[in-house]
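Asks: Okay, here's the structure, questions in a sec.
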There are 2 protein chains.
Amino acid sequence: MNELAITLDVKSSVYLYEQIYQHIKNEIVEGKLSEKERLPSTRALAEHLQIARSTVELAYEQLVSEGYIEAKPYKGYFVCSIGELYHLERERIVKKQEIKKQSPYLYDLTPNGIEMKAFPFSTWRRISKNVLAEHQRDIFEPGHPKGDFEFRNTICRYVYSFRGVNCEPEQIIVGAGNDYLLLLLGKIIGEQQRVAMENPTYKRAYRIFSSAGCEMLTMPIDKNGMSMEHLRSSQADIAYVMPSHQFPTGVVMPIGRRIELLKWAEEAENRYVIEDDYDSEFRYKGKPIQALQAWDKKEKVIYMGTFSKSIAPAIRVSFMILPKPLLKQYERNAGFLSSTVSRIDQAILNEFIGAGHYERYLNKMRKIYREKHDCLLECLKPFKHKFHISGENAGLHILLTCKKEETSEEQLTSAAESVGIKVYGMSAYFVEEKRSDQRGEKGKSCKAVKDGYARILLGYAGLSEEEIKNALLLLQKVWL
Amino acid sequence: MNELAITLDVKSSVYLYEQIYQHIKNEIVEGKLSEKERLPSTRALAEHLQIARSTVELAYEQLVSEGYIEAKPYKGYFVCSIGELYHLERERIVKKQEIKKQSPYLYDLTPNGIEMKAFPFSTWRRISKNVLAEHQRDIFEPGHPKGDFEFRNTICRYVYSFRGVNCEPEQIIVGAGNDYLLLLLGKIIGEQQRVAMENPTYKRAYRIFSSAGCEMLTMPIDKNGMSMEHLRSSQADIAYVMPSHQFPTGVVMPIGRRIELLKWAEEAENRYVIEDDYDSEFRYKGKPIQALQAWDKKEKVIYMGTFSKSIAPAIRVSFMILPKPLLKQYERNAGFLSSTVSRIDQAILNEFIGAGHYERYLNKMRKIYREKHDCLLECLKPFKHKFHISGENAGLHILLTCKKEETSEEQLTSAAESVGIKVYGMSAYFVEEKRSDQRGEKGKSCKAVKDGYARILLGYAGLSEEEIKNALLLLQKVWL
């Protein structure tokens with residue numbers, strides 16, 4: 001080939017050299033220029049196109065650096081072997097699925113909603129930009145399996161200041177979300193562990209431990225949390241609890257029960273308590289309550305925290321704090337697994353927390369959520385003769401218990417649906433109690449939550465005060 | 001309290017309102033201003049400080065919005081309840097561990113090295129910036145458990161164009177690194193599966209499947225890859241292979257063996273082949289070889305690809321393509337698990353690939369790695385009378401096999417170490433063959449790799465040509 005059928009557009013905003021580069025690249029990719037074919041010399045092409053030779057040289061240089069052509073001294077430029085795959089249809093049209101379903105509800109009172117409007121997007125952008133500007137190679141290199149030390153150090157200071165949690169950075173494992181860390185914890189503790197969970201509970205955790213080969217025991221809940229009587233008479237090795245705001249009941253575990261739980265764990269060497277502190281950031285009344293881990297003097301608590309709830313669900317960063325005796329097990333069973341969180345994300349979050357933005361954001365959100373919480377409670381006043389309200393003053397949802405035994409959960413959710421409102425019945429959060437039955441546990445119904453009275457969760461975090469008011473007015477019409 | 005002991009620094013670059021805000025915030029955090037205490041009015045404080053009232057108002061507004069103080073109509077500003085935890089020592093000094101160990105080697109020929117110098121950092125930064133600027137709330141909301149549809153669609157097009165892989169976006173699962181996806185795959189296929197792996201192999205995968213409750217069977221390797229004779233006489237359900245460049249032997253599986261492997265899988269309903277295509281991007285001679293998956297007409301191949309090797313280890317993004325029959329098992333056993341990759345990272349990578357930057361970068365890197373590869377082979381010429389060279393022309397490492405049976409691997413690695421060079425002996429990549437022995441498999445030594453001849457891996461990706469030359473000159477002194 002001695003001439004290329006290039007038509008240059010001198011009026012285009014695309015540089016001439018870029019036009020030449022693109023043209024030749026396309027010819028190669030489409031197979032019109034074949035392997036080992038010689039390109040015209042830069043001088044010849046420049047003359048042919050009536051442009052400066054340096055422009056052609058720039059295009060050829062780019063093609064060389066990207067591996068499309070190669071320069072052979074004294075011989076010229078030749079097309080490289082790009083291979084058959086490049087000749088396949090490049091832009092195969094893949095049917096675009098419509099994946100966003102329009103919600104059929106006017107208002108969705110999901111307990112998993114969060115509010116993002118107050119998020120300091122510009123701060124996040126600025127930090128992201130700085131992190132990428134300040135670091136070059138280093139931040140793209142492999143990180144520590146537990147997470148970068150600086151970030152773990154920041155988490156360590158943060159949990160001490162805000163939750164009273166005592167730990168060293170080497171006890172912290174950063175991971176891409178709670179689900180991942182629970183999978184990892186399953187590996188660390190090993191199979192055949194007997195894990196006690198409250199019932200109802202966070203079913204995702206139940207499923208993860210269950211699929212990790214753990215034997216699951218379900219414990220009833222009384223007004224202070226997991227029933228100690230049942231736990232003591234079980235064969236459990238590990239108790240999974242959410243002391244700051246049990247999901248879904250909203251029970252806040254008082255200090256007495258926490259101490260009892262720690263005592264239970266101290267009675268045998270391999271007993272541990274998993275503290276899932278998932279929405280502890282949000283407490284609206286009285287003093288914040290320290291984490292259970294803060295009272296642990298015997299290395300018995302596995303602490304789990306997340307930024308996915310308090311910052312944004314799309315930020316896949318959670319952390320787990322292992323008691324020192326479990327560190328060896330971590331190294332043996334899971335220490336070889338690479339970190340699941342990008343070092344760039346770790347650095348951004350490290351700066352976001354370290355520079356005080358996280359604290360400011362939490363203070364702001366606490367205020368916003370408190371206002372929504374107060375608004376919901378105000379709207380619920382007319383419901384009081386028919387419903388008992390609990391789980392308030394913390395977290396992002398409250399619990400309604402119907403006082404009339406003859407009203408079923410299904411009646412309440414259907415009535416809500418009939419006016420376009422999605423509410424969540426408690427029954428969905430119960431797990432089957434098969435296994436615990438097999439072990440001689442009676443799996444007794446828990447009086448506090450399984451007494452035939454219908455229970456409904458109302459999440460308010462994702463709605464505005466206006467929306468909460470409208471939704472509750474509609475519920476008032478169909479429930480009262 | 002009616003006066004605050006604030007000393008303003010008018011010469012400071014910190015705004016006056018910010019100084020007031022900081023001062024009051026510190027007083028609250030340190031407990032010097034206590035709960036419900038009334039702050040001076042904005043007018044009074046402005047007069048006291050001799051500044052504009054609007055400056056004080058700005059500081060108070062900030063404190064209100066962050067939840068430190070609250071405004072009560074007609075009454076004034078009052079300190080909010082911040083709680084005891086804030087009073088704990090805020091900046092607990094955590095001993096900084098020194099975690100970066102200085103490498104004791106002059107040159108480390110690790111097979112896991114990569115080159116980052118040519119990475120288009122500025123492009124990456126620009127895309128990151130645009131992604132954060134263009135998206136607001138949406139990108140911080142929860143994403144699809146399999147990964148965002150747009151991104152899976154882009155991966156789908158990419159693997160079709162470059163690897164000949166046929167799939168639909170719904171078959172793709174995006175995850176935070178290969179290790180995570182292997183954990184997930186363990187959940188999907190379920191326990192008690194019999195997984196055949198080559199020996200030597202990628203031990204991390206072996207450990208993950210093993211800890212997922214799979215029964216591991218080790219297969220010898222001949223010059224074409226996994227021994228079909230051994231596979232056929234085993235009870236394996238799943239065969240794990242790396243056809244494009246087996247780790248660590250560097251064997252490229254020819255088309256004949258690939259077809260045999262697919263036939264084996266087609267002979268029983270629950271048989272599958274896992275294709276780990278970890279460094280397929282780098283092939284330096286001849287045409288790129290299509291993925292094994294491209295030949296699969298019966299939905300038998302589980303394809304695994306990663307961007308951690310081809311872009312940067314710190315980018316924790318890999319993907320797995322499930323054959324359609326496994327999608328139901330995915331939904332049942334793992335579909336409830338949240339995605340482990342931040343949606344921001346997905347959007348950045350989506351743009352990086354979609355706009356052609358990834359292709360350009362790979363072409364550039366293929367050229368850079370080929371030059372290093374050629375340089376290493378050139379430097380190895382004097383070694384040829386003593387060593388057999390294999391595993392070249394693809395991937396990022398080659399294999400030396402010592403021709404003298406009396407030279408041990410340990411002698412070679414020690415000699416290299418004595419001149420400051422770290423090389424990697426093949427023996428570290430063998431797994432114990434216990435289980436396969438128990439099942440009646442003889443676990444016969446594989447002639448091609450386990451014949452008493454010492455084998456050494458030489459990785460070159462992380463070194464410059466200059467460094468490769470220096471390292472090989474030193475090895476020449478002690479090995480020849």
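Starting from 1 in every chain, residues are counted up; chains themselves are A, B, ... following the order of the structure tokens, and ligands are numbered from 1 as listed.
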With a distance cut-off of 12 Å and only C-alpha atoms, select the neighbouring residues of range 121-123 of chain B, excluding the residue or stretch itself and same-chain residues fewer than 3 positions from it, and output the selection as a PyMOL selection string.

Replies: (chain A and resi 129+131-140) or (chain B and resi 116-118+126-130+311-312+348-349+351-353+355-358+360-361)

Asks: Selected residues, N, CA and C atoms, written as a tab-separated table (two decimals), in the first residue's frame, please.

Replies:
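Produced file out_25.tsv, reproduced below:
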```
chain	number	residue	atom	x	y	z
A	129	LYS	N	-10.45	14.22	44.17
A	129	LYS	CA	-9.52	14.85	43.25
A	129	LYS	C	-8.13	14.96	43.88
A	131	VAL	N	-6.86	13.20	46.36
A	131	VAL	CA	-6.26	11.88	46.57
A	131	VAL	C	-5.60	11.41	45.28
A	132	LEU	N	-6.29	11.58	44.17
A	132	LEU	CA	-5.73	11.14	42.89
A	132	LEU	C	-4.58	12.02	42.43
A	133	ALA	N	-4.62	13.29	42.85
A	133	ALA	CA	-3.56	14.20	42.43
A	133	ALA	C	-2.29	13.98	43.26
A	134	GLU	N	-2.48	13.71	44.56
A	134	GLU	CA	-1.33	13.61	45.45
A	134	GLU	C	-0.60	12.28	45.32
A	135	HIS	N	-1.38	11.26	44.98
A	135	HIS	CA	-0.76	9.94	44.88
A	135	HIS	C	-0.60	9.59	43.42
A	136	GLN	N	0.47	8.94	43.07
A	136	GLN	CA	0.58	8.46	41.71
A	136	GLN	C	0.62	6.95	41.77
A	137	ARG	N	1.77	6.40	41.52
A	137	ARG	CA	1.87	4.95	41.47
A	137	ARG	C	1.41	4.28	42.75
A	138	ASP	N	1.87	4.84	43.89
A	138	ASP	CA	1.72	4.12	45.16
A	138	ASP	C	0.30	3.64	45.43
A	139	ILE	N	-0.68	4.50	45.13
A	139	ILE	CA	-2.04	4.15	45.51
A	139	ILE	C	-2.66	3.11	44.58
A	140	PHE	N	-1.99	2.84	43.46
A	140	PHE	CA	-2.48	1.81	42.55
A	140	PHE	C	-1.82	0.46	42.81
B	116	MET	N	3.49	0.19	36.34
B	116	MET	CA	2.43	1.19	36.42
B	116	MET	C	2.81	2.51	35.76
B	117	LYS	N	4.10	2.63	35.33
B	117	LYS	CA	4.56	3.94	34.85
B	117	LYS	C	3.76	4.48	33.68
B	118	ALA	N	3.28	3.58	32.82
B	118	ALA	CA	2.60	4.04	31.62
B	118	ALA	C	1.10	4.25	31.85
B	126	ARG	N	-9.33	12.55	35.32
B	126	ARG	CA	-10.35	13.31	34.62
B	126	ARG	C	-11.69	12.55	34.63
B	127	ILE	N	-11.62	11.24	34.36
B	127	ILE	CA	-12.86	10.44	34.35
B	127	ILE	C	-13.49	10.43	35.75
B	128	SER	N	-12.63	10.25	36.78
B	128	SER	CA	-13.14	10.23	38.15
B	128	SER	C	-13.88	11.53	38.45
B	129	LYS	N	-13.24	12.62	38.04
B	129	LYS	CA	-13.82	13.93	38.29
B	129	LYS	C	-15.17	14.06	37.58
B	130	ASN	N	-15.20	13.66	36.32
B	130	ASN	CA	-16.44	13.77	35.55
B	130	ASN	C	-17.55	12.89	36.12
B	311	ILE	N	-4.98	-3.43	34.93
B	311	ILE	CA	-4.96	-1.99	35.22
B	311	ILE	C	-4.08	-1.73	36.43
B	312	ALA	N	-4.54	-2.14	37.61
B	312	ALA	CA	-3.74	-1.93	38.80
B	312	ALA	C	-4.27	-2.81	39.90
B	348	ILE	N	-16.43	4.72	36.74
B	348	ILE	CA	-15.12	5.16	36.22
B	348	ILE	C	-14.59	4.12	35.23
B	349	LEU	N	-14.61	2.88	35.63
B	349	LEU	CA	-14.09	1.82	34.78
B	349	LEU	C	-14.93	1.68	33.50
B	351	GLU	N	-16.44	4.01	31.91
B	351	GLU	CA	-16.03	5.07	30.99
B	351	GLU	C	-14.64	4.78	30.43
B	352	PHE	N	-13.75	4.31	31.29
B	352	PHE	CA	-12.38	4.02	30.88
B	352	PHE	C	-12.36	2.98	29.75
B	353	ILE	N	-13.19	1.95	29.88
B	353	ILE	CA	-13.27	0.92	28.84
B	353	ILE	C	-14.06	1.44	27.65
B	355	ALA	N	-14.73	4.36	26.47
B	355	ALA	CA	-14.16	5.41	25.64
B	355	ALA	C	-12.86	4.98	24.95
B	356	GLY	N	-12.51	3.70	25.11
B	356	GLY	CA	-11.34	3.20	24.39
B	356	GLY	C	-10.01	3.35	25.11
B	357	HIS	N	-10.02	3.95	26.32
B	357	HIS	CA	-8.75	4.14	27.03
B	357	HIS	C	-8.13	2.82	27.44
B	358	TYR	N	-8.98	1.88	27.80
B	358	TYR	CA	-8.47	0.59	28.26
B	358	TYR	C	-7.76	-0.13	27.11
B	360	ARG	N	-6.42	1.20	24.46
B	360	ARG	CA	-5.17	1.91	24.17
B	360	ARG	C	-4.11	1.54	25.19
B	361	TYR	N	-4.52	1.51	26.45
B	361	TYR	CA	-3.57	1.19	27.52
B	361	TYR	C	-3.05	-0.24	27.36
```

Asks: Which neighbours of Lys403 in chain B fall inside 8 Å, counting only C-alpha atoms, when residues of the same chain fewer than 6 positions from it are skipped, and could you give them as number ranges by chain?

Replies: B: 386-388, 453

Asks: Generate a file of the selected residues that holds C-alpha atoms, formatted as an mmCIF file, in the first residue's frame.

Replies:
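Result saved to part22.cif:
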```cif
data_model
loop_
_atom_site.group_PDB
_atom_site.id
_atom_site.type_symbol
_atom_site.label_atom_id
_atom_site.label_comp_id
_atom_site.auth_asym_id
_atom_site.auth_seq_id
_atom_site.Cartn_x
_atom_site.Cartn_y
_atom_site.Cartn_z
ATOM 1 C CA LYS B 386 22.256 -25.170 31.429
ATOM 2 C CA PHE B 387 18.546 -24.278 31.437
ATOM 3 C CA HIS B 388 15.518 -25.060 29.333
ATOM 4 C CA TYR B 453 14.735 -31.066 37.767
#
```

Asks: When all Cα positions are paired in order and chain A is fitted onto chain B, what RMSD is left, to one decimal?

Replies: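 Chain B versus chain A: RMSD of 0.2 Å.
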
Asks: Report as a VMD selection string: the residues of range 107-334 of chain A with a DSSP assignment of strand (DSSP E or B), based on the backbone of this structure.

Replies: chain A and resid 107 to 108 172 to 175 194 to 198 215 to 219 221 to 222 225 to 226 238 to 241 272 to 276 283 301 to 306 318 to 321

Asks: With C-alpha atoms retained, could you export that selection as a PDB file, in the first residue's frame?

Replies:
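Full text of out-v7.pdb as output:
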```
ATOM      1  CA  TYR A 107     -44.690   6.301  49.662  1.00  0.00           C
ATOM      2  CA  ASP A 108     -42.368   3.458  50.602  1.00  0.00           C
ATOM      3  CA  ILE A 172      -9.298  -4.070  62.212  1.00  0.00           C
ATOM      4  CA  ILE A 173     -10.226  -5.666  58.884  1.00  0.00           C
ATOM      5  CA  VAL A 174     -11.656  -3.398  56.223  1.00  0.00           C
ATOM      6  CA  GLY A 175     -13.984  -5.041  53.690  1.00  0.00           C
ATOM      7  CA  ARG A 194     -23.156 -22.760  66.799  1.00  0.00           C
ATOM      8  CA  VAL A 195     -24.341 -19.214  66.238  1.00  0.00           C
ATOM      9  CA  ALA A 196     -27.248 -17.837  68.274  1.00  0.00           C
ATOM     10  CA  MET A 197     -29.278 -15.062  66.683  1.00  0.00           C
ATOM     11  CA  GLU A 198     -32.295 -13.203  67.918  1.00  0.00           C
ATOM     12  CA  GLU A 215     -25.351 -24.333  63.049  1.00  0.00           C
ATOM     13  CA  MET A 216     -27.932 -21.619  63.604  1.00  0.00           C
ATOM     14  CA  LEU A 217     -29.848 -21.299  66.861  1.00  0.00           C
ATOM     15  CA  THR A 218     -32.668 -18.792  67.138  1.00  0.00           C
ATOM     16  CA  MET A 219     -33.270 -17.045  70.437  1.00  0.00           C
ATOM     17  CA  ILE A 221     -36.193 -11.523  72.361  1.00  0.00           C
ATOM     18  CA  ASP A 222     -37.577  -9.951  75.484  1.00  0.00           C
ATOM     19  CA  GLY A 225     -32.877  -8.042  73.835  1.00  0.00           C
ATOM     20  CA  MET A 226     -31.723 -11.643  73.402  1.00  0.00           C
ATOM     21  CA  ILE A 238     -21.360 -17.298  69.400  1.00  0.00           C
ATOM     22  CA  ALA A 239     -24.158 -14.797  70.023  1.00  0.00           C
ATOM     23  CA  TYR A 240     -24.951 -12.276  67.288  1.00  0.00           C
ATOM     24  CA  VAL A 241     -26.603  -9.115  68.649  1.00  0.00           C
ATOM     25  CA  TYR A 272     -17.758 -14.801  71.389  1.00  0.00           C
ATOM     26  CA  VAL A 273     -20.324 -12.043  70.982  1.00  0.00           C
ATOM     27  CA  ILE A 274     -20.739 -10.449  67.545  1.00  0.00           C
ATOM     28  CA  GLU A 275     -21.824  -6.832  67.976  1.00  0.00           C
ATOM     29  CA  ASP A 276     -23.393  -5.476  64.808  1.00  0.00           C
ATOM     30  CA  ARG A 283     -29.568   8.227  68.649  1.00  0.00           C
ATOM     31  CA  VAL A 301     -16.451  -9.115  71.271  1.00  0.00           C
ATOM     32  CA  ILE A 302     -16.282  -9.116  67.472  1.00  0.00           C
ATOM     33  CA  TYR A 303     -17.353  -5.605  66.494  1.00  0.00           C
ATOM     34  CA  MET A 304     -18.869  -4.809  63.085  1.00  0.00           C
ATOM     35  CA  GLY A 305     -19.326  -1.278  61.769  1.00  0.00           C
ATOM     36  CA  THR A 306     -20.186   0.143  58.364  1.00  0.00           C
ATOM     37  CA  SER A 318     -17.347  -1.721  56.316  1.00  0.00           C
ATOM     38  CA  PHE A 319     -14.982  -2.864  59.024  1.00  0.00           C
ATOM     39  CA  MET A 320     -14.717  -5.620  61.561  1.00  0.00           C
ATOM     40  CA  ILE A 321     -12.727  -5.528  64.787  1.00  0.00           C
TER      41      ILE A 321
END
```

Asks: Hey, what's within 6 Å of range 322-328 of chain B if we count only C-alpha atoms and toss same-chain stuff fewer than 2 positions away? As a count of residues only, please?

Replies: 5

Asks: Run DSSP on the backbone and tell me which residues of range 232-479 of chain B come out as alpha helix (DSSP H); list them as a PyMOL selection string.

Replies: chain B and resi 232-233+255-266+327-333+343-354+357-379+409-418+434-438+465-479

Asks: Looking at only C-alpha atoms, which of A:Leu185, A:Ala461, A:Leu262, A:Ile315 is the one that sits closest to Thr340 in chain B?

Replies: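 Looking only at the distances to Thr340 in chain B, the closest residue turns out to be A:Ile315.
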
Asks: Out of B:His245, B:Lys187, B:Lys36, B:His397, which residue has the shortest atom-to-atom distance to chain A when counting only C-alpha atoms?

Replies: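 Closest to chain A of all the choices is B:Lys187.
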
Asks: Can you pull out the residues contacting Ser34 in chain B? Cut-off 10 Å, using only C-alpha atoms, and skip same-chain residues under 2 positions away; I want them as a PyMOL selection string.

Replies: chain B and resi 27-32+36-38+78-83

Asks: Write the selection just made, keeping N, CA, C and O atoms, as an mmCIF file, in the first residue's frame?

Replies:
```
data_model
loop_
_atom_site.group_PDB
_atom_site.id
_atom_site.type_symbol
_atom_site.label_atom_id
_atom_site.label_comp_id
_atom_site.auth_asym_id
_atom_site.auth_seq_id
_atom_site.Cartn_x
_atom_site.Cartn_y
_atom_site.Cartn_z
ATOM 1 N N GLU B 27 -15.225 24.294 72.598
ATOM 2 C CA GLU B 27 -15.720 24.448 73.965
ATOM 3 C C GLU B 27 -16.794 23.389 74.268
ATOM 4 O O GLU B 27 -16.856 22.837 75.352
ATOM 5 N N ILE B 28 -17.646 23.145 73.254
ATOM 6 C CA ILE B 28 -18.718 22.158 73.448
ATOM 7 C C ILE B 28 -18.144 20.758 73.532
ATOM 8 O O ILE B 28 -18.445 19.988 74.446
ATOM 9 N N VAL B 29 -17.250 20.447 72.577
ATOM 10 C CA VAL B 29 -16.683 19.101 72.526
ATOM 11 C C VAL B 29 -15.885 18.802 73.793
ATOM 12 O O VAL B 29 -15.939 17.705 74.329
ATOM 13 N N GLU B 30 -15.155 19.815 74.264
ATOM 14 C CA GLU B 30 -14.335 19.602 75.465
ATOM 15 C C GLU B 30 -15.150 19.708 76.746
ATOM 16 O O GLU B 30 -14.631 19.584 77.848
ATOM 17 N N GLY B 31 -16.423 19.987 76.615
ATOM 18 C CA GLY B 31 -17.289 20.008 77.790
ATOM 19 C C GLY B 31 -17.236 21.323 78.567
ATOM 20 O O GLY B 31 -17.793 21.436 79.658
ATOM 21 N N LYS B 32 -16.546 22.326 78.025
ATOM 22 C CA LYS B 32 -16.467 23.608 78.734
ATOM 23 C C LYS B 32 -17.790 24.361 78.634
ATOM 24 O O LYS B 32 -18.143 25.136 79.513
ATOM 25 N N LYS B 36 -27.498 22.490 77.144
ATOM 26 C CA LYS B 36 -28.576 23.441 77.432
ATOM 27 C C LYS B 36 -28.080 24.832 77.823
ATOM 28 O O LYS B 36 -28.876 25.733 78.092
ATOM 29 N N GLU B 37 -26.763 25.005 77.879
ATOM 30 C CA GLU B 37 -26.245 26.329 78.222
ATOM 31 C C GLU B 37 -26.613 27.304 77.102
ATOM 32 O O GLU B 37 -26.638 26.947 75.934
ATOM 33 N N ARG B 38 -26.916 28.554 77.497
ATOM 34 C CA ARG B 38 -27.324 29.543 76.512
ATOM 35 C C ARG B 38 -26.102 30.308 76.003
ATOM 36 O O ARG B 38 -25.254 30.731 76.781
ATOM 37 N N PHE B 78 -28.891 27.605 72.201
ATOM 38 C CA PHE B 78 -28.552 26.738 73.324
ATOM 39 C C PHE B 78 -27.704 25.565 72.864
ATOM 40 O O PHE B 78 -27.887 25.043 71.759
ATOM 41 N N VAL B 79 -26.793 25.143 73.750
ATOM 42 C CA VAL B 79 -25.919 24.010 73.429
ATOM 43 C C VAL B 79 -26.745 22.726 73.412
ATOM 44 O O VAL B 79 -27.539 22.478 74.323
ATOM 45 N N CYS B 80 -26.582 21.923 72.367
ATOM 46 C CA CYS B 80 -27.291 20.643 72.266
ATOM 47 C C CYS B 80 -26.609 19.589 73.131
ATOM 48 O O CYS B 80 -25.473 19.751 73.566
ATOM 49 N N SER B 81 -27.318 18.489 73.295
ATOM 50 C CA SER B 81 -26.749 17.357 74.014
ATOM 51 C C SER B 81 -25.832 16.602 73.070
ATOM 52 O O SER B 81 -26.269 16.027 72.073
ATOM 53 N N ILE B 82 -24.559 16.661 73.352
ATOM 54 C CA ILE B 82 -23.614 15.990 72.454
ATOM 55 C C ILE B 82 -23.202 14.653 73.053
ATOM 56 O O ILE B 82 -22.878 13.703 72.362
ATOM 57 N N GLY B 83 -23.256 14.593 74.384
ATOM 58 C CA GLY B 83 -23.036 13.296 75.006
ATOM 59 C C GLY B 83 -21.614 13.061 75.444
ATOM 60 O O GLY B 83 -20.678 13.671 74.958
#
```

Asks: With only C-alpha atoms as the counted atoms, please give the residues lying no more than 10 Å from Glu405 in chain B, apart from itself and same-chain residues fewer than 4 positions off, as a list in words.

Replies: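 Everything that qualifies: Thr401, Asp451, Gly452, Tyr453 and Ala454 of chain B.
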
Asks: Could those residues be written to a file, using C-alpha atoms, as a PDB file, in the first residue's frame?

Replies:
```pdb
ATOM      1  CA  THR B 401      14.154 -25.681  34.052  1.00  0.00           C
ATOM      2  CA  ASP B 451      10.792 -34.953  37.544  1.00  0.00           C
ATOM      3  CA  GLY B 452      13.511 -33.917  39.948  1.00  0.00           C
ATOM      4  CA  TYR B 453      14.735 -31.066  37.767  1.00  0.00           C
ATOM      5  CA  ALA B 454      14.825 -27.684  39.499  1.00  0.00           C
TER       6      ALA B 454
END
```
